[in-house]
>>> print(open('work.txt').read())   # compact mmCIF, C-alpha atoms and all ligand atoms
# COMPACT_ATOMS: atom_id res chain seq x y z
CA MET A 766 75.98 18.62 -3.59
CA ASN A 767 79.39 20.10 -3.15
CA ASN A 768 80.64 21.66 0.05
CA ALA A 769 82.56 24.23 -1.88
CA GLU A 770 79.38 25.88 -3.07
CA ILE A 771 77.32 26.33 0.06
CA ASN A 772 74.36 28.50 -0.70
CA PRO A 773 74.42 31.38 1.83
CA ILE A 774 70.60 31.56 1.95
CA ILE A 775 70.37 27.91 2.93
CA LEU A 776 73.10 28.27 5.53
CA GLU A 777 71.34 31.30 6.99
CA LYS A 778 68.04 29.46 7.17
CA ALA A 779 69.66 26.45 8.84
CA LEU A 780 71.35 28.65 11.43
CA LYS A 781 68.09 30.47 12.10
CA ILE A 782 66.24 27.19 12.71
CA SER A 783 69.03 25.98 14.93
CA ASP A 784 68.71 29.19 16.98
CA THR A 785 64.91 29.15 17.07
CA ILE A 786 64.51 25.71 18.55
CA GLY A 787 67.87 25.61 20.34
CA SER A 788 67.75 21.90 20.14
CA THR A 789 68.41 18.98 17.86
CA LEU A 790 66.55 17.65 14.87
CA CYS A 791 66.80 14.28 13.20
CA THR A 792 68.23 14.00 9.71
CA ARG A 793 64.79 13.46 8.16
CA CYS A 794 63.29 16.51 9.81
CA TRP A 795 66.23 18.65 8.65
CA GLY A 796 65.79 17.29 5.14
CA ARG A 797 62.04 17.82 5.08
CA ILE A 798 62.34 21.46 6.09
CA PHE A 799 64.68 22.00 3.13
CA SER A 800 62.86 19.83 0.61
CA GLN A 801 61.86 22.86 -1.47
CA ASP A 802 65.27 24.51 -1.21
CA ILE A 803 67.69 21.79 -2.17
CA GLU A 804 67.64 19.08 -4.75
CA GLY A 805 68.18 15.54 -3.69
CA THR A 806 66.54 12.18 -3.97
CA ASN A 807 65.00 12.17 -0.51
CA ASN A 808 64.83 14.01 2.79
CA GLN A 809 67.38 11.73 4.41
CA GLU A 810 69.97 12.82 1.85
CA ARG A 811 69.01 16.49 2.16
CA GLY A 812 69.19 16.27 5.94
CA GLU A 813 72.67 14.78 5.87
CA TYR A 814 73.85 17.64 3.73
CA ILE A 815 72.39 20.30 6.04
CA LYS A 816 73.89 18.65 9.11
CA GLN A 817 77.24 18.53 7.39
CA ILE A 818 77.33 22.24 6.54
CA LEU A 819 76.13 23.16 10.02
CA MET A 820 78.90 21.10 11.58
CA GLU A 821 81.43 22.94 9.48
CA LYS A 822 80.07 26.38 10.28
CA THR A 823 79.25 25.98 13.94
CA CYS A 824 80.95 24.28 16.81
CA GLU A 825 77.80 22.64 18.09
CA ASN A 826 78.75 19.17 17.00
CA ASP A 827 77.37 17.76 20.22
CA ASN A 828 73.91 18.98 19.38
CA LEU A 829 74.11 17.77 15.79
CA ASN A 830 75.25 14.32 16.82
CA ASN A 831 72.57 14.02 19.47
CA ASP A 832 70.10 11.32 18.51
CA TYR A 833 66.97 12.88 19.93
CA CYS A 834 64.69 14.88 17.60
CA TYR A 835 62.91 17.80 19.22
CA ILE A 836 60.27 17.94 16.49
CA CYS A 837 59.25 14.39 15.65
CA ASP A 838 60.22 12.63 18.86
CA ASN A 839 62.22 10.20 16.67
CA ILE A 840 59.08 8.91 15.02
CA PHE A 841 60.98 8.36 11.76
CA GLN A 842 63.45 6.02 13.41
CA PHE A 843 60.47 4.04 14.62
CA VAL A 844 58.93 4.03 11.15
CA GLU A 845 62.14 2.96 9.46
CA ASN A 846 63.30 0.35 11.95
CA GLY A 847 61.14 -2.60 11.17
CA ILE A 848 57.66 -1.18 11.57
CA MET A 849 57.17 -1.19 7.80
CA ASN A 850 57.64 -4.94 7.71
CA ASP A 851 55.25 -5.35 10.62
CA ILE A 852 52.64 -3.38 8.71
CA LYS A 853 53.13 -5.53 5.65
CA ASN A 854 52.87 -8.76 7.66
CA ASN A 855 49.76 -7.53 9.42
CA ILE A 856 48.10 -6.85 6.08
CA LEU A 857 49.15 -10.23 4.71
CA ASP A 858 47.81 -11.97 7.82
CA SER A 859 44.46 -10.23 7.45
CA LYS A 860 43.97 -11.98 4.07
CA VAL A 861 42.27 -8.84 2.80
CA GLU A 862 42.18 -8.61 -0.98
CA PHE A 863 42.92 -5.19 -2.48
CA SER A 864 44.59 -3.69 -5.50
CA THR A 865 44.62 -0.04 -4.45
CA PHE A 866 45.30 1.50 -1.05
CA LEU A 867 46.01 4.70 0.80
CA VAL A 868 48.05 5.16 3.98
CA GLY A 869 46.98 7.52 6.72
CA CYS A 870 48.44 8.06 10.17
CA ARG A 871 47.68 9.63 13.51
CA ILE A 872 50.55 11.18 15.43
CA PRO A 873 50.70 12.68 18.94
CA ALA A 874 49.34 16.22 19.25
CA GLU A 875 52.60 17.35 20.84
CA ILE A 876 54.51 16.59 17.63
CA ILE A 877 51.99 18.53 15.55
CA ARG A 878 52.19 21.46 17.96
CA LYS A 879 56.00 21.61 17.78
CA GLN A 880 55.93 21.28 14.01
CA GLU A 881 53.48 24.18 13.78
CA TYR A 882 55.65 26.29 16.05
CA LEU A 883 58.74 25.70 13.91
CA TYR A 884 56.91 26.15 10.61
CA SER A 885 55.48 29.47 11.81
CA LYS A 886 59.06 30.76 12.00
CA LEU A 887 59.81 29.85 8.37
CA ASP A 888 59.07 31.78 5.20
CA SER A 889 57.68 28.79 3.36
CA GLU A 890 55.71 25.85 4.69
CA PRO A 891 57.40 22.47 4.19
CA GLU A 892 55.58 19.19 3.93
CA SER A 893 54.09 17.87 7.17
CA ILE A 894 55.52 14.98 9.16
CA LYS A 895 52.26 13.09 8.65
CA LYS A 896 52.46 13.39 4.91
CA GLU A 897 56.03 12.19 4.83
CA ILE A 898 55.24 9.17 7.00
CA ASN A 899 52.26 8.30 4.81
CA ARG A 900 54.37 8.58 1.70
CA GLU A 901 57.26 6.51 3.03
CA ILE A 902 55.00 3.69 4.20
CA GLY A 903 53.07 3.89 0.91
CA LYS A 904 56.26 3.67 -1.15
CA PHE A 905 57.40 0.65 0.84
CA LEU A 906 54.10 -1.21 0.45
CA CYS A 907 53.97 -0.45 -3.29
CA LEU A 908 57.40 -1.98 -3.74
CA GLU A 909 56.89 -4.95 -1.45
CA MET A 910 53.32 -5.90 -2.27
CA GLY A 911 52.78 -4.58 -5.78
CA ASN A 912 49.57 -2.70 -4.91
CA LYS A 913 48.98 0.85 -6.08
CA VAL A 914 48.26 4.02 -4.15
CA ASP A 915 44.90 5.60 -5.00
CA PHE A 916 44.11 8.94 -3.38
CA ASP A 917 40.47 9.19 -4.48
CA ASN A 918 38.95 5.78 -4.20
CA PRO A 919 41.26 3.18 -2.64
CA ASN A 920 40.04 -0.36 -1.87
CA LEU A 921 41.83 -0.26 1.45
CA VAL A 922 42.75 2.55 3.84
CA ILE A 923 45.66 1.62 6.10
CA MET A 924 45.53 3.78 9.20
CA VAL A 925 48.64 3.68 11.37
CA ASP A 926 48.15 5.08 14.85
CA PHE A 927 51.32 6.37 16.54
CA LYS A 928 49.45 8.02 19.36
CA THR A 929 49.84 5.25 21.88
CA ASN A 930 53.32 4.74 23.12
CA MET A 931 54.99 4.20 19.78
CA THR A 932 53.60 0.72 19.36
CA LEU A 933 52.20 -0.45 16.08
CA ASN A 934 48.48 0.08 16.05
CA LEU A 935 46.97 -0.67 12.69
CA GLU A 936 43.44 -0.20 11.42
CA LEU A 937 42.44 -1.63 8.07
CA GLN A 938 39.40 0.15 6.64
CA LEU A 939 37.88 -1.70 3.71
CA ASN A 940 35.94 0.47 1.32
CA PRO A 941 32.71 -0.96 -0.11
CA LEU A 942 32.48 -3.09 -3.22
CA PHE A 943 29.76 -2.25 -5.75
CA VAL A 944 28.04 -4.94 -7.80
CA GLU A 945 25.61 -3.76 -10.46
CA GLY A 946 23.04 -5.88 -12.25
CA ARG A 947 19.40 -6.05 -13.32
CA TYR A 948 16.68 -7.90 -11.47
CA ARG A 949 13.40 -9.37 -12.57
CA LYS A 950 10.68 -9.86 -9.96
CA LEU A 951 8.49 -12.70 -11.18
CA ILE A 952 5.94 -12.71 -8.36
CA ARG A 953 3.68 -10.14 -6.73
CA GLY A 954 3.63 -9.39 -3.04
CA ILE A 955 7.26 -8.73 -2.22
CA PRO A 956 8.84 -5.29 -1.82
CA GLN A 957 12.12 -4.31 -3.40
CA THR A 958 13.94 -3.69 -0.15
CA LYS A 959 13.66 -4.96 3.39
CA TRP A 960 10.68 -3.28 5.02
CA PRO A 961 11.12 -2.77 8.75
CA CYS A 962 8.07 -3.10 11.01
CA ARG A 963 6.61 0.36 11.48
CA LYS A 964 5.70 -0.30 15.12
CA CYS A 965 9.05 -1.54 16.42
CA LYS A 966 11.31 -0.14 13.68
CA GLY A 967 12.93 -3.53 13.19
CA LYS A 968 13.52 -4.58 16.79
CA GLY A 969 10.77 -7.22 16.76
CA CYS A 970 7.37 -6.97 18.44
CA GLU A 971 4.02 -8.73 18.70
CA TYR A 972 2.67 -6.89 15.64
CA CYS A 973 5.39 -8.21 13.32
CA ASN A 974 5.54 -11.62 15.01
CA TYR A 975 9.02 -10.74 16.31
CA THR A 976 10.52 -10.70 12.84
CA GLY A 977 11.14 -6.93 12.85
CA LYS A 978 9.70 -6.65 9.37
CA LEU A 979 6.41 -6.40 7.54
CA TYR A 980 7.23 -8.74 4.65
CA MET A 981 9.00 -12.02 5.07
CA GLU A 982 11.16 -11.50 2.03
CA SER A 983 12.14 -8.82 -0.46
CA VAL A 984 14.17 -8.61 -3.66
CA GLU A 985 17.01 -7.23 -1.55
CA GLU A 986 16.90 -10.09 0.93
CA LEU A 987 16.79 -12.68 -1.83
CA ILE A 988 19.80 -11.26 -3.68
CA SER A 989 22.14 -9.44 -1.29
CA PRO A 990 23.10 -12.17 1.22
CA LEU A 991 24.59 -14.30 -1.56
CA ILE A 992 26.66 -11.37 -2.80
CA ILE A 993 27.80 -10.51 0.74
CA LYS A 994 28.83 -14.12 1.27
CA GLU A 995 30.77 -14.26 -1.98
CA ALA A 996 32.66 -11.04 -1.17
CA HIS A 997 33.14 -12.01 2.50
CA GLY A 998 31.51 -8.74 3.50
CA ILE A 999 29.59 -7.95 6.67
CA GLU A 1000 26.47 -6.18 5.40
CA SER A 1001 25.10 -4.43 2.35
CA LYS A 1002 22.88 -1.69 1.00
CA PHE A 1003 20.53 -2.16 -1.93
CA HIS A 1004 20.14 0.67 -4.45
CA GLY A 1005 17.48 0.36 -7.15
CA ALA A 1006 16.89 2.44 -10.26
CA GLY A 1007 13.47 3.38 -8.95
CA ARG A 1008 11.14 0.77 -7.53
CA GLU A 1009 7.88 -0.95 -8.37
CA ASP A 1010 5.01 -1.35 -5.94
CA ILE A 1011 4.84 -4.52 -3.88
CA ASP A 1012 1.99 -5.91 -6.01
CA VAL A 1013 3.74 -5.14 -9.30
CA ARG A 1014 5.97 -7.59 -11.15
CA MET A 1015 9.22 -6.46 -12.78
CA LEU A 1016 9.61 -8.32 -16.09
CA GLY A 1017 11.38 -7.72 -19.40
CA ASN A 1018 15.09 -7.02 -19.08
CA GLY A 1019 14.68 -6.19 -15.44
CA ARG A 1020 15.48 -3.14 -13.35
CA PRO A 1021 19.05 -1.91 -12.74
CA PHE A 1022 20.31 -2.17 -9.17
CA VAL A 1023 23.57 -1.77 -7.28
CA VAL A 1024 24.45 -3.79 -4.18
CA GLU A 1025 26.98 -2.01 -1.99
CA VAL A 1026 28.88 -4.59 0.06
CA LYS A 1027 30.42 -3.22 3.26
CA GLU A 1028 33.88 -4.37 4.29
CA PRO A 1029 34.47 -6.93 1.54
CA GLN A 1030 37.50 -9.12 2.22
CA LYS A 1031 37.31 -10.36 -1.35
CA ARG A 1032 37.10 -8.30 -4.53
CA THR A 1033 37.60 -10.74 -7.35
CA LEU A 1034 34.26 -12.49 -7.67
CA ASN A 1035 33.14 -15.05 -10.20
CA LEU A 1036 30.05 -13.12 -11.20
CA THR A 1037 28.79 -15.64 -13.73
CA GLU A 1038 28.72 -18.35 -11.05
CA LEU A 1039 27.30 -15.93 -8.52
CA GLY A 1040 24.46 -15.01 -10.90
CA LYS A 1041 23.65 -18.68 -11.45
CA LYS A 1042 23.64 -19.33 -7.73
CA ILE A 1043 21.28 -16.41 -7.05
CA ASN A 1044 18.91 -17.54 -9.80
CA LEU A 1045 18.91 -21.13 -8.65
CA TYR A 1046 18.23 -20.13 -5.07
CA ASN A 1047 15.37 -17.82 -6.08
CA ALA A 1048 13.91 -19.83 -8.95
CA GLY A 1049 10.41 -18.60 -9.83
CA LYS A 1050 10.69 -15.51 -7.64
CA VAL A 1051 13.61 -13.31 -8.59
CA GLU A 1052 16.22 -13.44 -11.35
CA VAL A 1053 19.38 -11.39 -11.85
CA SER A 1054 21.40 -10.74 -15.00
CA ASP A 1055 24.36 -8.68 -16.26
CA LEU A 1056 26.22 -8.70 -12.94
CA LYS A 1057 29.36 -6.56 -13.03
CA LEU A 1058 31.70 -4.74 -10.67
CA VAL A 1059 31.33 -0.96 -10.88
CA GLY A 1060 32.64 2.21 -9.27
CA LYS A 1061 30.85 3.94 -6.40
CA GLU A 1062 29.51 6.64 -8.74
CA ARG A 1063 26.98 4.11 -10.13
CA ARG A 1064 25.20 4.06 -6.76
CA SER A 1065 23.74 7.50 -7.40
CA GLN A 1066 23.83 7.42 -11.21
CA ILE A 1067 21.29 4.61 -11.48
CA LYS A 1068 18.89 6.54 -9.21
CA THR A 1069 18.71 9.68 -11.31
CA SER A 1070 15.63 9.21 -13.41
CA SER A 1071 14.93 12.02 -15.82
CA THR A 1072 12.30 12.52 -18.47
CA SER A 1073 14.75 11.00 -20.96
CA THR A 1074 14.32 7.67 -19.17
CA TYR A 1075 11.20 5.80 -20.06
CA LYS A 1076 9.31 2.77 -18.90
CA VAL A 1077 6.89 0.29 -20.41
CA TYR A 1078 4.02 -1.15 -18.36
CA ARG A 1079 1.31 -3.72 -18.86
CA ALA A 1080 -1.86 -2.94 -16.95
CA ILE A 1081 -5.00 -5.02 -16.59
CA VAL A 1082 -7.87 -2.60 -16.17
CA ASP A 1083 -11.41 -3.23 -14.96
CA LEU A 1084 -14.16 -0.87 -16.09
CA ASP A 1085 -17.50 -0.23 -14.40
CA LYS A 1086 -19.27 -0.61 -17.73
CA GLU A 1087 -18.37 -1.84 -21.19
CA VAL A 1088 -16.90 0.64 -23.69
CA SER A 1089 -17.16 0.01 -27.43
CA ASN A 1090 -14.02 -0.58 -29.49
CA ASP A 1091 -14.64 2.70 -31.28
CA ASN A 1092 -14.84 4.63 -28.06
CA LEU A 1093 -11.66 2.98 -26.75
CA LYS A 1094 -9.70 4.73 -29.51
CA ILE A 1095 -9.84 7.96 -27.52
CA LEU A 1096 -7.16 6.48 -25.20
CA ASN A 1097 -4.64 7.07 -27.99
CA SER A 1098 -5.05 10.79 -27.33
CA LEU A 1099 -3.26 10.40 -23.97
CA ASP A 1100 -0.17 12.57 -24.29
CA VAL A 1101 0.95 15.09 -21.64
CA ILE A 1102 -0.41 14.09 -18.25
CA GLU A 1103 -0.67 16.53 -15.36
CA GLN A 1104 -0.32 14.50 -12.23
CA ARG A 1105 -0.64 15.83 -8.73
CA THR A 1106 1.18 13.72 -6.12
CA PRO A 1107 -1.11 10.69 -5.61
CA LEU A 1108 -3.15 10.44 -2.44
CA ARG A 1109 -1.60 7.10 -1.52
CA VAL A 1110 1.95 8.51 -1.41
CA SER A 1111 1.11 12.09 -0.37
CA HIS A 1112 2.16 11.37 3.24
CA ARG A 1113 5.78 10.86 2.19
CA ARG A 1114 6.14 12.84 -1.04
CA ALA A 1115 5.96 16.59 -1.61
CA ASP A 1116 2.59 17.74 -2.94
CA LEU A 1117 3.21 19.05 -6.43
CA ILE A 1118 2.04 18.68 -9.99
CA ARG A 1119 4.28 16.78 -12.41
CA LYS A 1120 3.98 16.72 -16.16
CA ARG A 1121 4.85 13.42 -17.78
CA ARG A 1122 4.29 12.18 -21.30
CA VAL A 1123 2.66 8.99 -22.44
CA ARG A 1124 4.72 8.10 -25.52
CA ASP A 1125 2.71 5.18 -26.75
CA LEU A 1126 -0.35 3.20 -25.73
CA LYS A 1127 -1.88 -0.01 -27.01
CA VAL A 1128 -5.34 -1.23 -25.96
CA LYS A 1129 -6.67 -4.76 -26.10
CA LYS A 1130 -10.12 -5.80 -24.94
CA LEU A 1131 -9.83 -8.96 -22.83
CA ASP A 1132 -13.43 -9.12 -21.77
CA GLN A 1133 -16.55 -6.92 -21.83
CA GLU A 1134 -15.33 -4.84 -18.90
CA ARG A 1135 -11.63 -5.72 -18.89
CA LEU A 1136 -8.77 -4.20 -20.86
CA GLU A 1137 -5.08 -4.80 -21.28
CA LEU A 1138 -3.04 -1.61 -21.77
CA ILE A 1139 0.59 -1.50 -22.84
CA ILE A 1140 1.82 1.95 -21.82
CA GLU A 1141 5.15 3.47 -22.74
CA CYS A 1142 5.78 6.63 -20.73
CA GLU A 1143 8.35 8.91 -19.20
CA GLY A 1144 9.82 7.86 -15.86
CA GLY A 1145 7.95 9.14 -12.83
CA LEU A 1146 4.38 8.73 -14.08
CA TYR A 1147 2.14 6.88 -11.61
CA ILE A 1148 0.27 4.30 -13.67
CA LYS A 1149 -2.43 3.25 -11.20
CA GLU A 1150 -3.47 6.91 -10.96
CA LEU A 1151 -3.23 7.42 -14.70
CA ILE A 1152 -5.93 4.76 -14.89
CA SER A 1153 -8.14 5.70 -11.94
CA GLY A 1154 -7.74 9.47 -12.21
CA ASP A 1155 -7.03 9.63 -8.46
CA GLU A 1156 -10.07 11.80 -7.70
CA PHE A 1157 -9.24 14.21 -10.54
CA ARG A 1158 -5.67 14.70 -9.34
CA THR A 1159 -4.40 13.06 -12.56
CA LYS A 1160 -5.63 14.73 -15.76
CA PRO A 1161 -6.52 13.36 -18.21
CA SER A 1162 -6.93 9.74 -17.13
CA VAL A 1163 -8.38 6.51 -18.50
CA THR A 1164 -11.39 7.10 -16.24
CA SER A 1165 -11.98 10.64 -17.49
CA LEU A 1166 -11.58 9.76 -21.18
CA LEU A 1167 -13.79 6.67 -21.08
CA GLN A 1168 -16.31 8.38 -18.77
CA THR A 1169 -16.54 5.35 -16.55
CA PRO A 1170 -14.54 4.44 -13.44
CA ALA A 1171 -11.45 2.38 -14.36
CA ARG A 1172 -9.24 0.46 -11.94
CA CYS A 1173 -5.82 -1.09 -12.40
CA VAL A 1174 -6.13 -4.66 -11.09
CA GLU A 1175 -2.75 -5.97 -12.22
CA LEU A 1176 0.42 -4.19 -13.20
CA ASP A 1177 3.75 -5.36 -14.61
CA VAL A 1178 6.79 -3.34 -15.55
CA LEU A 1179 7.98 -4.64 -18.91
CA ASP A 1180 10.94 -2.36 -19.51
CA VAL A 1181 13.07 0.19 -17.66
CA GLN A 1182 15.30 2.32 -19.85
CA ASN A 1183 17.87 4.55 -18.26
ZN ZN A 1201 62.66 14.32 13.47
ZN ZN A 1202 7.51 -5.07 14.97
>>> encode(input="work.txt", output="structure tokens", more="lines below")
Ligand SMILES: [Zn+2]
Ligand SMILES: [Zn+2]
Amino acid sequence: MNNAEINPIILEKALKISDTIGSTLCTRCWGRIFSQDIEGTNNQERGEYIKQILMEKTCENDNLNNDYCYICDNIFQFVENGIMNDIKNNILDSKVEFSTFLVGCRIPAEIIRKQEYLYSKLDSEPESIKKEINREIGKFLCLEMGNKVDFDNPNLVIMVDFKTNMTLNLELQLNPLFVEGRYRKLIRGIPQTKWPCRKCKGKGCEYCNYTGKLYMESVEELISPLIIKEAHGIESKFHGAGREDIDVRMLGNGRPFVVEVKEPQKRTLNLTELGKKINLYNAGKVEVSDLKLVGKERRSQIKTSSTSTYKVYRAIVDLDKEVSNDNLKILNSLDVIEQRTPLRVSHRRADLIRKRRVRDLKVKKLDQERLELIIECEGGLYIKELISGDEFRTKPSVTSLLQTPARCVELDVLDVQN
């Protein structure tokens, strides 16, 4: 930038700003206002140039040498003089593990108001003070700590609050960690997730024996605490790819799940060891496999079951009267099932009729009035109702085809494909 070639448009703009605010600006604020007008490596450099040409063209050297900035209240001096190192040391002291981060800041309303006033007088809108502070701190931390800035999904959000008296006030917000895996539930009688007592809503009362819950344990409670502990988190949420009833086992390759760990201090986990630990702790009850770290999008992805997902069940069925092997063959005609929302879930699910296909069915007679059915079907078909008919709400059903009441007495999920 050569003094000999002062751009008249830039000079005019600088003089206009000088007139408008009738006060002084710091070098950074001068530079930021001109960041779209002049080239330069940073706003400090641009600002020095503007101040220089103003000093040459006006006699207001006093004002230009004045240290106080009308716009930013000298916030940049505060940012540059040591606070960056304090931020770094604070983060190091916290022992938080992160590879990506994002810096945010809060600045006094007065500064924002003055900035808006000045910007309203300009033809173009320069970058905001906030954005520049965030970027400068971000650049410093990248260089010093080797972590990367991530605008969409950072591990850590570093919030610097300048609102109180220009003292360093730092908040470290840890974004959740997502661990995906598959679980097998080897016993009946436990729900997938923690089931709060319906009388006290989890506070603890006489009805639930002051436990706050209806079941002593659940798949979630058997798995999640070990993951939370490993990641040094504070709590978690359990997301399953659908769920089986409490009295149904989940066998085969298991059901996909995602555990969302809140505020994890640690992000590099030894998942093989963690899996072994979980399986040892829950031997005979619950098993996990295929543990891996995933992005937050998996939380909702695993929940979307469509008709392209299918499931395989094993059902033990009791009949009111014996049916001959020949007559059992009619069960192979089960194809498209029209299923109205079952009575047992109608209090919490919309009342509608779903169409789901049975893709394959194998029948084995275990006893005169007992069958084993292996049913492969589209996701979302209620199996107990497929068998009982649910008072003609499911059509056709095992009951209607065999012309004798049929009841599912045992059910296992053998495979969940999605
Ligand atoms: Zn300033
Ligand atoms: Zn209770």
>>> residues_near_ligand(input="work.txt", ligand="ligand ZN 1202 (chain A)", cutoff="7 Å", atoms="only C-alpha atoms and all ligand atoms", output="list in words")
Cys962, Arg963, Lys964, Cys965, Lys966, Gly967, Lys968, Gly969, Cys970, Glu971, Tyr972, Cys973, Asn974, Tyr975, Thr976, Gly977 and Lys978 of chain A
>>> closest_atom_pairs(input="work.txt", of="chain A", to="ligand ZN 1201 (chain A)", cutoff="12 Å", atoms="all atoms listed in the file", output="JSON lines")
{"residue": "A:Ser788", "atom": "CA", "partner": "A:ZN1201", "partner_atom": "ZN", "distance": 11.3}
{"residue": "A:Thr789", "atom": "CA", "partner": "A:ZN1201", "partner_atom": "ZN", "distance": 8.6}
{"residue": "A:Leu790", "atom": "CA", "partner": "A:ZN1201", "partner_atom": "ZN", "distance": 5.3}
{"residue": "A:Cys791", "atom": "CA", "partner": "A:ZN1201", "partner_atom": "ZN", "distance": 4.1}
{"residue": "A:Thr792", "atom": "CA", "partner": "A:ZN1201", "partner_atom": "ZN", "distance": 6.7}
{"residue": "A:Arg793", "atom": "CA", "partner": "A:ZN1201", "partner_atom": "ZN", "distance": 5.8}
{"residue": "A:Cys794", "atom": "CA", "partner": "A:ZN1201", "partner_atom": "ZN", "distance": 4.3}
{"residue": "A:Trp795", "atom": "CA", "partner": "A:ZN1201", "partner_atom": "ZN", "distance": 7.4}
{"residue": "A:Gly796", "atom": "CA", "partner": "A:ZN1201", "partner_atom": "ZN", "distance": 9.4}
{"residue": "A:Arg797", "atom": "CA", "partner": "A:ZN1201", "partner_atom": "ZN", "distance": 9.1}
{"residue": "A:Ile798", "atom": "CA", "partner": "A:ZN1201", "partner_atom": "ZN", "distance": 10.3}
{"residue": "A:Asn808", "atom": "CA", "partner": "A:ZN1201", "partner_atom": "ZN", "distance": 10.9}
{"residue": "A:Gln809", "atom": "CA", "partner": "A:ZN1201", "partner_atom": "ZN", "distance": 10.5}
{"residue": "A:Gly812", "atom": "CA", "partner": "A:ZN1201", "partner_atom": "ZN", "distance": 10.2}
{"residue": "A:Asn831", "atom": "CA", "partner": "A:ZN1201", "partner_atom": "ZN", "distance": 11.6}
{"residue": "A:Asp832", "atom": "CA", "partner": "A:ZN1201", "partner_atom": "ZN", "distance": 9.5}
{"residue": "A:Tyr833", "atom": "CA", "partner": "A:ZN1201", "partner_atom": "ZN", "distance": 7.9}
{"residue": "A:Cys834", "atom": "CA", "partner": "A:ZN1201", "partner_atom": "ZN", "distance": 4.6}
{"residue": "A:Tyr835", "atom": "CA", "partner": "A:ZN1201", "partner_atom": "ZN", "distance": 6.7}
{"residue": "A:Ile836", "atom": "CA", "partner": "A:ZN1201", "partner_atom": "ZN", "distance": 5.3}
{"residue": "A:Cys837", "atom": "CA", "partner": "A:ZN1201", "partner_atom": "ZN", "distance": 4.0}
{"residue": "A:Asp838", "atom": "CA", "partner": "A:ZN1201", "partner_atom": "ZN", "distance": 6.2}
{"residue": "A:Asn839", "atom": "CA", "partner": "A:ZN1201", "partner_atom": "ZN", "distance": 5.2}
{"residue": "A:Ile840", "atom": "CA", "partner": "A:ZN1201", "partner_atom": "ZN", "distance": 6.7}
{"residue": "A:Phe841", "atom": "CA", "partner": "A:ZN1201", "partner_atom": "ZN", "distance": 6.4}
{"residue": "A:Gln842", "atom": "CA", "partner": "A:ZN1201", "partner_atom": "ZN", "distance": 8.3}
{"residue": "A:Phe843", "atom": "CA", "partner": "A:ZN1201", "partner_atom": "ZN", "distance": 10.6}
{"residue": "A:Val844", "atom": "CA", "partner": "A:ZN1201", "partner_atom": "ZN", "distance": 11.2}
{"residue": "A:Ile876", "atom": "CA", "partner": "A:ZN1201", "partner_atom": "ZN", "distance": 9.4}
{"residue": "A:Ile877", "atom": "CA", "partner": "A:ZN1201", "partner_atom": "ZN", "distance": 11.7}
{"residue": "A:Lys879", "atom": "CA", "partner": "A:ZN1201", "partner_atom": "ZN", "distance": 10.8}
{"residue": "A:Gln880", "atom": "CA", "partner": "A:ZN1201", "partner_atom": "ZN", "distance": 9.7}
{"residue": "A:Ser893", "atom": "CA", "partner": "A:ZN1201", "partner_atom": "ZN", "distance": 11.2}
{"residue": "A:Ile894", "atom": "CA", "partner": "A:ZN1201", "partner_atom": "ZN", "distance": 8.4}
{"residue": "A:Lys895", "atom": "CA", "partner": "A:ZN1201", "partner_atom": "ZN", "distance": 11.5}
{"residue": "A:Glu897", "atom": "CA", "partner": "A:ZN1201", "partner_atom": "ZN", "distance": 11.1}
{"residue": "A:Ile898", "atom": "CA", "partner": "A:ZN1201", "partner_atom": "ZN", "distance": 11.1}
>>> atom_distance(input="work.txt", atom1="atom CA of A:Lys1027", atom2="atom CA of A:Val984")
18.5 Å
>>> residues_near_point(input="work.txt", point="(50.0, 5.3, 1.5)", cutoff="9 Å", atoms="only C-alpha atoms", output="PyMOL selection string")
chain A and resi 866-869+898-907+913-916+922-923
>>> closest_residue(input="work.txt", among="A:Glu936, A:Phe1157, A:Leu1179, A:Asp1116", to="A:Glu1141", atoms="all atoms listed in the file")
A:Leu1179
>>> residues_around(input="work.txt", residues="A:Lys1002", least_positions_apart="6", cutoff="9 Å", atoms="all atoms listed in the file", output="number ranges by chain")
A: 985, 989, 1023-1027
>>> atom_distance(input="work.txt", atom1="atom CA of A:Asn1018", atom2="atom CA of A:Arg1122")
22.1 Å
>>> build_atoms(input="work.txt", residues="stretch 1050-1056 of chain A", atoms="N, CA and C atoms", output="mmCIF file, keeping the file's coordinate frame")
data_model
loop_
_atom_site.group_PDB
_atom_site.id
_atom_site.type_symbol
_atom_site.label_atom_id
_atom_site.label_comp_id
_atom_site.auth_asym_id
_atom_site.auth_seq_id
_atom_site.Cartn_x
_atom_site.Cartn_y
_atom_site.Cartn_z
ATOM 1 N N LYS A 1050 10.994 -16.749 -8.379
ATOM 2 C CA LYS A 1050 10.690 -15.510 -7.640
ATOM 3 C C LYS A 1050 11.445 -14.320 -8.207
ATOM 4 N N VAL A 1051 12.768 -14.436 -8.183
ATOM 5 C CA VAL A 1051 13.610 -13.310 -8.590
ATOM 6 C C VAL A 1051 14.751 -13.837 -9.439
ATOM 7 N N GLU A 1052 15.106 -13.069 -10.470
ATOM 8 C CA GLU A 1052 16.220 -13.440 -11.350
ATOM 9 C C GLU A 1052 17.153 -12.247 -11.495
ATOM 10 N N VAL A 1053 18.458 -12.493 -11.570
ATOM 11 C CA VAL A 1053 19.380 -11.390 -11.850
ATOM 12 C C VAL A 1053 20.109 -11.666 -13.167
ATOM 13 N N SER A 1054 20.608 -10.590 -13.773
ATOM 14 C CA SER A 1054 21.400 -10.740 -15.000
ATOM 15 C C SER A 1054 22.408 -9.595 -15.075
ATOM 16 N N ASP A 1055 23.360 -9.735 -15.983
ATOM 17 C CA ASP A 1055 24.360 -8.680 -16.260
ATOM 18 C C ASP A 1055 25.136 -8.223 -15.019
ATOM 19 N N LEU A 1056 25.481 -9.131 -14.123
ATOM 20 C CA LEU A 1056 26.220 -8.700 -12.940
ATOM 21 C C LEU A 1056 27.612 -8.208 -13.336
#
